[in-house]
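Worksheet: the structure to be examined is printed underneath.
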Amino acid sequence: MSVQSRWRPTLAPMDFAWADSRRAFTDAAGWFVRTAALVGDRWDHPGLGEWDVRALVGHTSRSFLTVETYLDRPAVSVEVASASGYVRASRSAAGGAAVAARGREAGTALGADPAGAVAEIAARVLRLVDTQDGSAVVTTIAGGMRLRDYLPTRTFELVVHTADLASALGEPLDVPATAAAQALQVVTDLALADGVAGPLLLAVTGRSGGAAGFSVL
């Protein structure tokens, strides 16, 4: 075995600055609120998989609600130290019937004015985040995390699912640059940790695995 084949660099996931994470979260929240306001009378239209648009919006709104809930659940130690670590640790809970049902329940809970409810929830949670410095250690489904490491996972969720919503509505994928940069960094960290950087690079440069005609080049 050659020295080159034995050596693999160890790259730590990106450590996001709190100010940058707050800005990315705020911008992602604004995009989601604006996109939800475009739904009109299409709440029962197809959203994502088995979700209709209401359920997709309900699921996405949980990106705010979990921040609020977890801040009320302090943890005694940090068990997950990065956003990508959270995504990897929570994969087993990220799919299945329970998640689909929670999305539908969250959509129903938005009531008669879902877009208005989304805007109110977002404003309330953004005010809460603005009172924090990122150091709080909270209890997540993956274990104890610093808020500064958890918040980028919420930005990631908001970005991905607002893109789903925009696609369902036929709206442009106008992801705010701040939020997009943070979400893409989480994707990069995941690709490196999982050893799939090569396939990802081929996909985004139009070689294989991506949408027909898509390339960043």
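Ligands are numbered from 1 in the order shown, chains are lettered A, B, ... in the order of the structure tokens, and residues start at 1 in each chain.
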Within 12 Å of stretch 186-205 of chain A, which residues of stretch 91-172 of chain A show up? Give each one with its shortest atom-to-atom distance in Å (one decimal) and the two atoms involved, counting only C-alpha atoms, rows by chain then rising residue number, as a Markdown table.
```
| residue | atom | partner | partner_atom | distance |
| --- | --- | --- | --- | --- |
| A:Arg91 | CA | A:Leu190 | CA | 11.8 |
| A:Asp149 | CA | A:Val186 | CA | 11.0 |
| A:Tyr150 | CA | A:Val186 | CA | 11.5 |
| A:Leu151 | CA | A:Val186 | CA | 11.7 |
| A:Pro152 | CA | A:Val186 | CA | 8.1 |
| A:Thr153 | CA | A:Val186 | CA | 8.0 |
| A:Arg154 | CA | A:Val186 | CA | 11.1 |
| A:Thr155 | CA | A:Val186 | CA | 9.9 |
| A:Phe156 | CA | A:Val186 | CA | 7.5 |
| A:Glu157 | CA | A:Val186 | CA | 10.7 |
| A:Val159 | CA | A:Val186 | CA | 11.5 |
| A:Val160 | CA | A:Val187 | CA | 11.0 |
```
Could you turn the residues from that selection into a file that holds C-alpha atoms, as a PDB file, in the first residue's frame?
```
ATOM      1  CA  ARG A  91     -30.657  10.536  10.147  1.00  0.00           C
ATOM      2  CA  ASP A 149     -23.957  24.681  16.407  1.00  0.00           C
ATOM      3  CA  TYR A 150     -27.676  23.833  16.308  1.00  0.00           C
ATOM      4  CA  LEU A 151     -28.954  26.995  14.620  1.00  0.00           C
ATOM      5  CA  PRO A 152     -27.205  26.272  11.283  1.00  0.00           C
ATOM      6  CA  THR A 153     -29.158  22.994  11.115  1.00  0.00           C
ATOM      7  CA  ARG A 154     -32.352  25.057  11.215  1.00  0.00           C
ATOM      8  CA  THR A 155     -31.068  27.332   8.472  1.00  0.00           C
ATOM      9  CA  PHE A 156     -30.259  24.222   6.441  1.00  0.00           C
ATOM     10  CA  GLU A 157     -33.806  22.889   6.941  1.00  0.00           C
ATOM     11  CA  VAL A 159     -33.303  26.543   2.901  1.00  0.00           C
ATOM     12  CA  VAL A 160     -33.979  23.011   1.652  1.00  0.00           C
TER      13      VAL A 160
END
```
Cut-off 6 Å: closest stretch 31-73 of chain A/stretch 114-126 of chain A atom pairs per residue, using only C-alpha atoms, as a tab-separated table:
```
residue	atom	partner	partner_atom	distance
A:Val33	CA	A:Ala119	CA	5.6
A:Ala36	CA	A:Ala115	CA	5.5
A:Ala37	CA	A:Ala115	CA	5.3
```
Those selected residues, please, written with N, CA and C atoms and delivered as a CSV table (one decimal), in the first residue's frame.
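selection29.csv, freshly written:
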```csv
chain,number,residue,atom,x,y,z
A,33,VAL,N,-41.0,32.8,4.9
A,33,VAL,CA,-42.2,33.6,5.2
A,33,VAL,C,-42.7,34.2,3.9
A,36,ALA,N,-44.2,31.3,1.7
A,36,ALA,CA,-45.5,30.8,2.2
A,36,ALA,C,-46.6,31.8,1.9
A,37,ALA,N,-46.3,33.1,1.9
A,37,ALA,CA,-47.3,34.1,1.6
A,37,ALA,C,-47.8,34.0,0.1
```
* Asked: Which residues in stretch 26-216 of chain A does DSSP call strand (DSSP E)? List them as a list of chain:residue names.
  -> A:Pro46, A:Gly47, A:Leu48, A:Trp51, A:Asp52, A:Val137, A:Val138, A:Thr139, A:Thr140, A:Gly143, A:Gly144, A:Met145, A:Arg146
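As for atom CA of A:Ala177 and atom CA of A:Ala19, they are spaced 15.0 Å apart.
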* To do: Could you give me, as JSON, numbers by chain, the residues within 8 Å of A:Arg148, counting only C-alpha atoms and dropping anything in the same chain fewer than 5 positions from it?
  => {"A": [16, 17, 18, 21, 133, 134, 135, 136]}
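Across the structure, atom CA of A:Thr108 and atom CA of A:Arg54 are spaced 7.5 Å apart.
Picture a line from atom CA of A:Val175 to atom CA of A:Thr162; it runs 8.5 Å.
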